[in-house]
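A.B. asks: protein-v1.cif (mmCIF, C-alpha atoms and all ligand atoms) pasted underneath:
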```cif
data_upload
#
loop_
_atom_site.group_PDB
_atom_site.id
_atom_site.type_symbol
_atom_site.label_atom_id
_atom_site.label_comp_id
_atom_site.auth_asym_id
_atom_site.auth_seq_id
_atom_site.Cartn_x
_atom_site.Cartn_y
_atom_site.Cartn_z
ATOM 1 C CA MET I 241 16.208 -13.521 14.257
ATOM 2 C CA ILE I 242 18.307 -12.622 17.278
ATOM 3 C CA SER I 243 20.623 -9.759 18.151
ATOM 4 C CA VAL I 244 22.612 -8.902 21.240
ATOM 5 C CA HIS I 245 24.173 -5.609 22.158
ATOM 6 C CA THR I 246 25.152 -3.652 25.221
ATOM 7 C CA ASP I 247 23.657 -0.194 25.697
ATOM 8 C CA ALA I 248 25.332 2.955 27.037
ATOM 9 C CA GLN I 249 24.438 2.046 30.627
ATOM 10 C CA GLY I 250 25.975 -1.389 30.249
ATOM 11 C CA PHE I 251 22.690 -3.260 30.029
ATOM 12 C CA ILE I 252 22.585 -6.195 27.681
ATOM 13 C CA ILE I 253 19.812 -5.787 25.120
ATOM 14 C CA CYS I 254 18.732 -9.003 23.462
ATOM 15 C CA ARG I 255 16.070 -8.906 20.770
ATOM 16 C CA MET I 256 14.746 -12.119 19.333
ATOM 17 C CA HIS I 257 12.094 -13.576 17.091
ATOM 18 C CA GLU I 258 8.947 -14.656 18.930
ATOM 19 C CA ALA I 259 9.735 -18.269 17.965
ATOM 20 C CA PHE I 260 12.233 -18.166 20.846
ATOM 21 C CA LEU I 261 9.221 -18.235 23.175
ATOM 22 C CA SER I 262 8.888 -21.909 22.357
ATOM 23 C CA ALA I 263 12.597 -22.666 22.057
ATOM 24 C CA PRO I 264 13.846 -25.850 23.749
ATOM 25 C CA SER I 265 15.186 -25.205 27.228
ATOM 26 C CA GLU I 266 18.736 -26.186 26.247
ATOM 27 C CA VAL I 267 18.721 -23.389 23.660
ATOM 28 C CA LEU I 268 17.554 -20.864 26.250
ATOM 29 C CA ARG I 269 20.123 -22.144 28.747
ATOM 30 C CA ALA I 270 22.826 -21.786 26.099
ATOM 31 C CA LEU I 271 21.657 -18.242 25.388
ATOM 32 C CA ARG I 272 21.800 -17.373 29.080
ATOM 33 C CA SER I 273 25.295 -18.829 29.349
ATOM 34 C CA TYR I 274 26.384 -16.943 26.252
ATOM 35 C CA LEU I 275 25.096 -13.652 27.629
ATOM 36 C CA LEU I 276 26.966 -14.238 30.881
ATOM 37 C CA THR I 277 30.225 -15.514 29.425
ATOM 38 C CA ARG I 278 30.218 -14.451 25.749
ATOM 39 C CA ARG I 279 31.793 -17.795 24.909
ATOM 40 C CA LYS I 280 31.289 -18.831 21.295
ATOM 41 C CA GLY I 281 30.486 -22.433 22.186
ATOM 42 C CA PHE I 282 27.278 -21.310 23.913
ATOM 43 C CA TRP I 283 26.223 -19.235 20.924
ATOM 44 C CA GLU I 284 26.238 -22.118 18.456
ATOM 45 C CA PRO I 285 22.997 -23.841 19.543
ATOM 46 C CA VAL I 286 21.319 -20.414 19.707
ATOM 47 C CA ALA I 287 22.417 -19.533 16.185
ATOM 48 C CA GLU I 288 21.354 -22.939 14.953
ATOM 49 C CA PHE I 289 17.887 -22.484 16.391
ATOM 50 C CA ALA I 290 17.639 -18.944 14.960
ATOM 51 C CA GLN I 291 18.593 -20.158 11.483
ATOM 52 C CA ALA I 292 15.846 -22.756 11.510
ATOM 53 C CA ILE I 293 13.111 -20.157 12.114
ATOM 54 C CA THR I 294 11.048 -19.647 9.006
ATOM 55 C CA PRO I 295 10.177 -15.997 8.602
ATOM 56 C CA ALA I 296 6.471 -15.262 8.663
ATOM 57 C CA PRO I 297 5.045 -14.756 5.178
ATOM 58 C CA PRO I 298 4.301 -11.115 4.336
ATOM 59 C CA ARG I 299 0.876 -10.154 5.589
ATOM 60 C CA GLU I 300 -1.806 -10.369 2.935
ATOM 61 C CA VAL I 301 -3.189 -6.996 2.025
ATOM 62 C CA LYS I 302 -6.853 -7.020 2.825
ATOM 63 C CA GLU I 303 -9.270 -5.735 0.271
ATOM 64 C CA THR I 304 -12.222 -3.755 1.537
ATOM 65 C CA ARG I 305 -14.406 -3.176 -1.451
ATOM 66 C CA VAL I 306 -17.898 -2.570 -0.161
ATOM 67 C CA GLY I 307 -18.146 0.897 1.309
ATOM 68 C CA ARG I 308 -21.082 2.689 2.884
ATOM 69 C CA VAL I 309 -22.094 4.197 -0.450
ATOM 70 C CA TYR I 310 -19.946 2.698 -3.174
ATOM 71 C CA ASP I 311 -18.979 -0.871 -3.979
ATOM 72 C CA LEU I 312 -15.532 -0.638 -5.517
ATOM 73 C CA GLY I 313 -15.715 -4.171 -6.864
ATOM 74 C CA ARG I 314 -18.779 -3.308 -8.908
ATOM 75 C CA LEU I 315 -17.303 -0.013 -10.116
ATOM 76 C CA ARG I 316 -14.014 -1.673 -11.059
ATOM 77 C CA GLU I 317 -15.878 -4.231 -13.174
ATOM 78 C CA ALA I 318 -17.860 -1.459 -14.848
ATOM 79 C CA VAL I 319 -14.777 0.640 -15.622
ATOM 80 C CA ASN I 320 -12.856 -2.440 -16.731
ATOM 81 C CA ALA I 321 -15.651 -3.436 -19.118
ATOM 82 C CA GLU I 322 -16.220 0.036 -20.501
ATOM 83 C CA TRP I 323 -12.617 1.114 -21.055
ATOM 84 C CA PHE I 324 -10.370 -1.929 -20.998
ATOM 85 C CA ASP I 325 -12.501 -4.715 -22.542
ATOM 86 C CA SER I 326 -12.431 -6.368 -19.102
ATOM 87 C CA THR I 327 -8.792 -7.271 -19.674
ATOM 88 C CA LEU I 328 -7.225 -5.657 -16.598
ATOM 89 C CA ASP I 329 -6.636 -7.884 -13.627
ATOM 90 C CA VAL I 330 -6.159 -5.623 -10.629
ATOM 91 C CA ARG I 331 -7.219 -5.643 -7.004
ATOM 92 C CA ILE I 332 -9.012 -2.717 -5.441
ATOM 93 C CA SER I 333 -9.716 -1.558 -1.922
ATOM 94 C CA TRP I 334 -10.786 1.442 0.050
ATOM 95 C CA GLY I 335 -7.712 2.939 1.662
ATOM 96 C CA ARG I 336 -7.293 3.061 5.386
ATOM 97 C CA ASN I 337 -6.662 6.101 7.513
ATOM 98 C CA PRO I 338 -9.760 8.158 6.706
ATOM 99 C CA LYS I 339 -8.653 10.724 9.271
ATOM 100 C CA ARG I 340 -5.719 11.896 7.237
ATOM 101 C CA ARG I 341 -6.672 15.012 5.331
ATOM 102 C CA LEU I 342 -5.919 15.403 1.713
ATOM 103 C CA GLY I 343 -3.378 18.122 1.099
ATOM 104 C CA LYS I 344 -4.715 21.453 -0.058
ATOM 105 C CA ARG I 345 -4.464 21.953 -3.776
ATOM 106 C CA ASN I 346 -3.379 18.419 -4.233
ATOM 107 C CA THR I 347 -3.511 16.687 -7.574
ATOM 108 C CA SER I 348 -5.850 13.841 -8.377
ATOM 109 C CA ILE I 349 -3.150 11.398 -7.237
ATOM 110 C CA ALA I 350 -4.387 11.879 -3.667
ATOM 111 C CA PHE I 351 -7.757 10.304 -4.497
ATOM 112 C CA GLY I 352 -6.229 6.980 -5.363
ATOM 113 C CA SER I 353 -3.036 5.056 -5.730
ATOM 114 C CA TYR I 354 -1.776 1.980 -7.490
ATOM 115 C CA THR I 355 0.933 -0.257 -6.053
ATOM 116 C CA LYS I 356 2.456 -2.610 -8.569
ATOM 117 C CA ALA I 357 4.069 -4.890 -5.968
ATOM 118 C CA THR I 358 0.667 -5.844 -4.556
ATOM 119 C CA ASN I 359 -1.263 -5.124 -7.764
ATOM 120 C CA LEU I 360 -3.641 -3.095 -5.642
ATOM 121 C CA ILE I 361 -5.553 0.095 -6.292
ATOM 122 C CA ARG I 362 -6.483 2.034 -3.193
ATOM 123 C CA ILE I 363 -9.204 4.638 -3.237
ATOM 124 C CA HIS I 364 -9.335 7.388 -0.631
ATOM 125 C CA PRO I 365 -12.131 6.578 1.831
ATOM 126 C CA ARG I 366 -13.379 10.169 1.728
ATOM 127 C CA LEU I 367 -14.823 9.388 -1.686
ATOM 128 C CA ASP I 368 -17.227 6.913 -0.098
ATOM 129 C CA ASP I 369 -19.762 9.676 0.311
ATOM 130 C CA SER I 370 -23.134 10.281 -1.315
ATOM 131 C CA GLU I 371 -22.061 13.855 -2.034
ATOM 132 C CA VAL I 372 -19.329 12.543 -4.297
ATOM 133 C CA PRO I 373 -20.830 11.679 -7.689
ATOM 134 C CA GLU I 374 -20.419 8.070 -8.771
ATOM 135 C CA ALA I 375 -18.977 9.283 -12.079
ATOM 136 C CA PHE I 376 -16.133 10.866 -10.155
ATOM 137 C CA VAL I 377 -15.331 7.649 -8.252
ATOM 138 C CA ARG I 378 -15.336 5.859 -11.599
ATOM 139 C CA PHE I 379 -13.005 8.505 -12.966
ATOM 140 C CA VAL I 380 -10.529 7.983 -10.104
ATOM 141 C CA ILE I 381 -10.663 4.221 -10.684
ATOM 142 C CA TYR I 382 -10.169 4.822 -14.404
ATOM 143 C CA HIS I 383 -7.099 6.955 -13.661
ATOM 144 C CA GLU I 384 -5.571 4.247 -11.456
ATOM 145 C CA MET I 385 -6.400 1.524 -13.976
ATOM 146 C CA LEU I 386 -4.604 3.553 -16.609
ATOM 147 C CA HIS I 387 -1.508 3.242 -14.426
ATOM 148 C CA VAL I 388 -1.877 -0.538 -14.758
ATOM 149 C CA LYS I 389 -2.301 -0.260 -18.507
ATOM 150 C CA ILE I 390 0.378 2.409 -19.073
ATOM 151 C CA PRO I 391 3.259 1.618 -16.695
ATOM 152 C CA PRO I 392 5.672 4.396 -15.744
ATOM 153 C CA HIS I 393 8.864 4.712 -17.745
ATOM 154 C CA ARG I 394 12.230 6.257 -17.047
ATOM 155 C CA GLU I 395 13.309 9.397 -18.823
ATOM 156 C CA ASN I 396 16.579 11.190 -18.040
ATOM 157 C CA GLY I 397 16.816 9.285 -14.776
ATOM 158 C CA ARG I 398 13.288 10.211 -13.616
ATOM 159 C CA TRP I 399 10.199 8.066 -13.472
ATOM 160 C CA ILE I 400 7.393 9.449 -15.618
ATOM 161 C CA TYR I 401 4.004 8.356 -14.317
ATOM 162 C CA HIS I 402 1.772 10.728 -16.253
ATOM 163 C CA SER I 403 3.246 10.700 -19.716
ATOM 164 C CA PRO I 404 1.599 12.609 -22.585
ATOM 165 C CA ALA I 405 0.086 9.283 -23.723
ATOM 166 C CA PHE I 406 -1.334 8.808 -20.231
ATOM 167 C CA ARG I 407 -2.826 12.310 -20.126
ATOM 168 C CA LYS I 408 -4.304 11.817 -23.564
ATOM 169 C CA ALA I 409 -5.970 8.572 -22.513
ATOM 170 C CA GLU I 410 -7.200 10.163 -19.302
ATOM 171 C CA LYS I 411 -8.951 12.934 -21.234
ATOM 172 C CA ARG I 412 -11.076 10.344 -23.044
ATOM 173 C CA PHE I 413 -13.140 9.998 -19.905
ATOM 174 C CA PRO I 414 -16.557 11.611 -20.439
ATOM 175 C CA GLU I 415 -16.837 15.144 -19.112
ATOM 176 C CA PHE I 416 -13.166 15.216 -18.221
ATOM 177 C CA SER I 417 -13.149 18.924 -17.385
ATOM 178 C CA ARG I 418 -16.156 18.476 -15.099
ATOM 179 C CA MET I 419 -14.219 15.707 -13.311
ATOM 180 C CA GLU I 420 -11.361 18.127 -12.754
ATOM 181 C CA GLN I 421 -13.786 20.680 -11.333
ATOM 182 C CA ILE I 422 -15.255 18.086 -8.995
ATOM 183 C CA ALA I 423 -11.718 17.152 -7.905
ATOM 184 C CA THR I 424 -10.965 20.760 -7.009
ATOM 185 C CA ARG I 425 -14.259 21.106 -5.174
ATOM 186 C CA ILE I 426 -13.648 17.959 -3.107
ATOM 187 C CA LEU I 427 -10.071 18.954 -2.315
ATOM 188 C CA ASP I 428 -11.242 22.341 -1.097
ATOM 189 C CA ARG I 429 -13.856 20.758 1.127
ATOM 190 C CA LEU I 430 -11.916 17.902 2.682
HETATM 191 ZN ZN ZN E 1 -1.748 9.022 -11.467
#
```
Translate this structure into structure tokens?
C.D. replies:
Amino acid sequence: MISVHTDAQGFIICRMHEAFLSAPSEVLRALRSYLLTRRKGFWEPVAEFAQAITPAPPREVKETRVGRVYDLGRLREAVNAEWFDSTLDVRISWGRNPKRRLGKRNTSIAFGSYTKATNLIRIHPRLDDSEVPEAFVRFVIYHEMLHVKIPPHRENGRWIYHSPAFRKAEKRFPEFSRMEQIATRILDRL
């Protein structure tokens, strides 16, 4: 909540939580006295105030589901119903940063991601394009939902995300090889 150090030029650098903006004047006076004298007695009221600051709750991750072309909420419900008996409870959003290019010859992982900590699937915003077939967007969602259904496991100290069971389930998607072709085509173009 507050830190004090002296830089190479001898300047005192004091960083503090924004709650100090509304700190009582005796706390700020004590801080000033501490910085000038470095006497412990002045630090106590400052430390006390710092300890009472409640850290801000982590920022809620915003979900942006309705794109220009595709509504991810609708597609998630469809994929959930068709492949998971509507049993998966997962959030979904278009990813940010549409300017970042997908890596050349990337794998399908670049089209989407799943973060367990926030229970959120993110879909690459480049897929929100009428030239991208809806079936392919569904396929990417299906892939990420499989990560919810089939969590990664550790094997010889490594995390396995795409186990043989995962790959087998993934291939059940209709026209799987066409999906792979579309993936390659999109990756070449983006
Ligand atoms: Zn994956």
A.B. asks: Using only C-alpha atoms and all ligand atoms, tabulate the residues of chain I lying at most 10 Å from any atom of ligand ZN 1 (chain E), each with its closest atom pair and that distance in Å to one decimal, by chain and increasing residue number, as a Markdown table.
C.D. replies:
```
| residue | atom | partner | partner_atom | distance |
| --- | --- | --- | --- | --- |
| I:Thr347 | CA | E:ZN1 | ZN | 8.8 |
| I:Ser348 | CA | E:ZN1 | ZN | 7.0 |
| I:Ile349 | CA | E:ZN1 | ZN | 5.1 |
| I:Ala350 | CA | E:ZN1 | ZN | 8.7 |
| I:Phe351 | CA | E:ZN1 | ZN | 9.3 |
| I:Gly352 | CA | E:ZN1 | ZN | 7.8 |
| I:Ser353 | CA | E:ZN1 | ZN | 7.1 |
| I:Tyr354 | CA | E:ZN1 | ZN | 8.1 |
| I:Val380 | CA | E:ZN1 | ZN | 8.9 |
| I:Tyr382 | CA | E:ZN1 | ZN | 9.9 |
| I:His383 | CA | E:ZN1 | ZN | 6.1 |
| I:Glu384 | CA | E:ZN1 | ZN | 6.1 |
| I:Met385 | CA | E:ZN1 | ZN | 9.2 |
| I:Leu386 | CA | E:ZN1 | ZN | 8.0 |
| I:His387 | CA | E:ZN1 | ZN | 6.5 |
| I:Pro392 | CA | E:ZN1 | ZN | 9.7 |
| I:Tyr401 | CA | E:ZN1 | ZN | 6.5 |
| I:His402 | CA | E:ZN1 | ZN | 6.2 |
| I:Ser403 | CA | E:ZN1 | ZN | 9.8 |
| I:Phe406 | CA | E:ZN1 | ZN | 8.8 |
| I:Arg407 | CA | E:ZN1 | ZN | 9.3 |
| I:Glu410 | CA | E:ZN1 | ZN | 9.6 |
```
A.B. asks: Leaving out Ile253 in chain I and any residue of its chain fewer than 5 positions from it, which residues lie within 6 Å of it when counting only C-alpha atoms, given as a compact mmCIF listing (two decimals) with C-alpha atoms, keeping the file's coordinate frame?
C.D. replies:
```
# COMPACT_ATOMS: atom_id res chain seq x y z
CA VAL I 244 22.61 -8.90 21.24
CA HIS I 245 24.17 -5.61 22.16
CA THR I 246 25.15 -3.65 25.22
```
A.B. asks: Interatomic distance between CA of Ile242 in chain I and CA of Arg255 in chain I?
C.D. replies: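 For CA of Ile242 in chain I relative to CA of Arg255 in chain I, the distance reads 5.6 Å.
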A.B. asks: Written as a short mmCIF file (atom, residue, chain, number, x, y, z; two decimals) with C-alpha atoms, keeping the file's coordinate frame, which residues does the PyMOL selection byres (((chain I and resi 280-290) around 12) and not hetatm) give for the file shown?
C.D. replies:
```cif
data_model
loop_
_atom_site.label_atom_id
_atom_site.label_comp_id
_atom_site.auth_asym_id
_atom_site.auth_seq_id
_atom_site.Cartn_x
_atom_site.Cartn_y
_atom_site.Cartn_z
CA MET I 241 16.21 -13.52 14.26
CA ILE I 242 18.31 -12.62 17.28
CA SER I 243 20.62 -9.76 18.15
CA VAL I 244 22.61 -8.90 21.24
CA ARG I 255 16.07 -8.91 20.77
CA MET I 256 14.75 -12.12 19.33
CA HIS I 257 12.09 -13.58 17.09
CA GLU I 258 8.95 -14.66 18.93
CA ALA I 259 9.74 -18.27 17.96
CA PHE I 260 12.23 -18.17 20.85
CA LEU I 261 9.22 -18.24 23.18
CA SER I 262 8.89 -21.91 22.36
CA ALA I 263 12.60 -22.67 22.06
CA PRO I 264 13.85 -25.85 23.75
CA SER I 265 15.19 -25.20 27.23
CA GLU I 266 18.74 -26.19 26.25
CA VAL I 267 18.72 -23.39 23.66
CA LEU I 268 17.55 -20.86 26.25
CA ARG I 269 20.12 -22.14 28.75
CA ALA I 270 22.83 -21.79 26.10
CA LEU I 271 21.66 -18.24 25.39
CA ARG I 272 21.80 -17.37 29.08
CA SER I 273 25.30 -18.83 29.35
CA TYR I 274 26.38 -16.94 26.25
CA LEU I 275 25.10 -13.65 27.63
CA LEU I 276 26.97 -14.24 30.88
CA THR I 277 30.22 -15.51 29.42
CA ARG I 278 30.22 -14.45 25.75
CA ARG I 279 31.79 -17.80 24.91
CA GLN I 291 18.59 -20.16 11.48
CA ALA I 292 15.85 -22.76 11.51
CA ILE I 293 13.11 -20.16 12.11
CA THR I 294 11.05 -19.65 9.01
CA PRO I 295 10.18 -16.00 8.60
#
```
A.B. asks: What's the separation between CA of Leu315 in chain I and CA of Arg378 in chain I, in Å to one decimal place?
C.D. replies: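 Separation between CA of Leu315 in chain I and CA of Arg378 in chain I: 6.4 Å.
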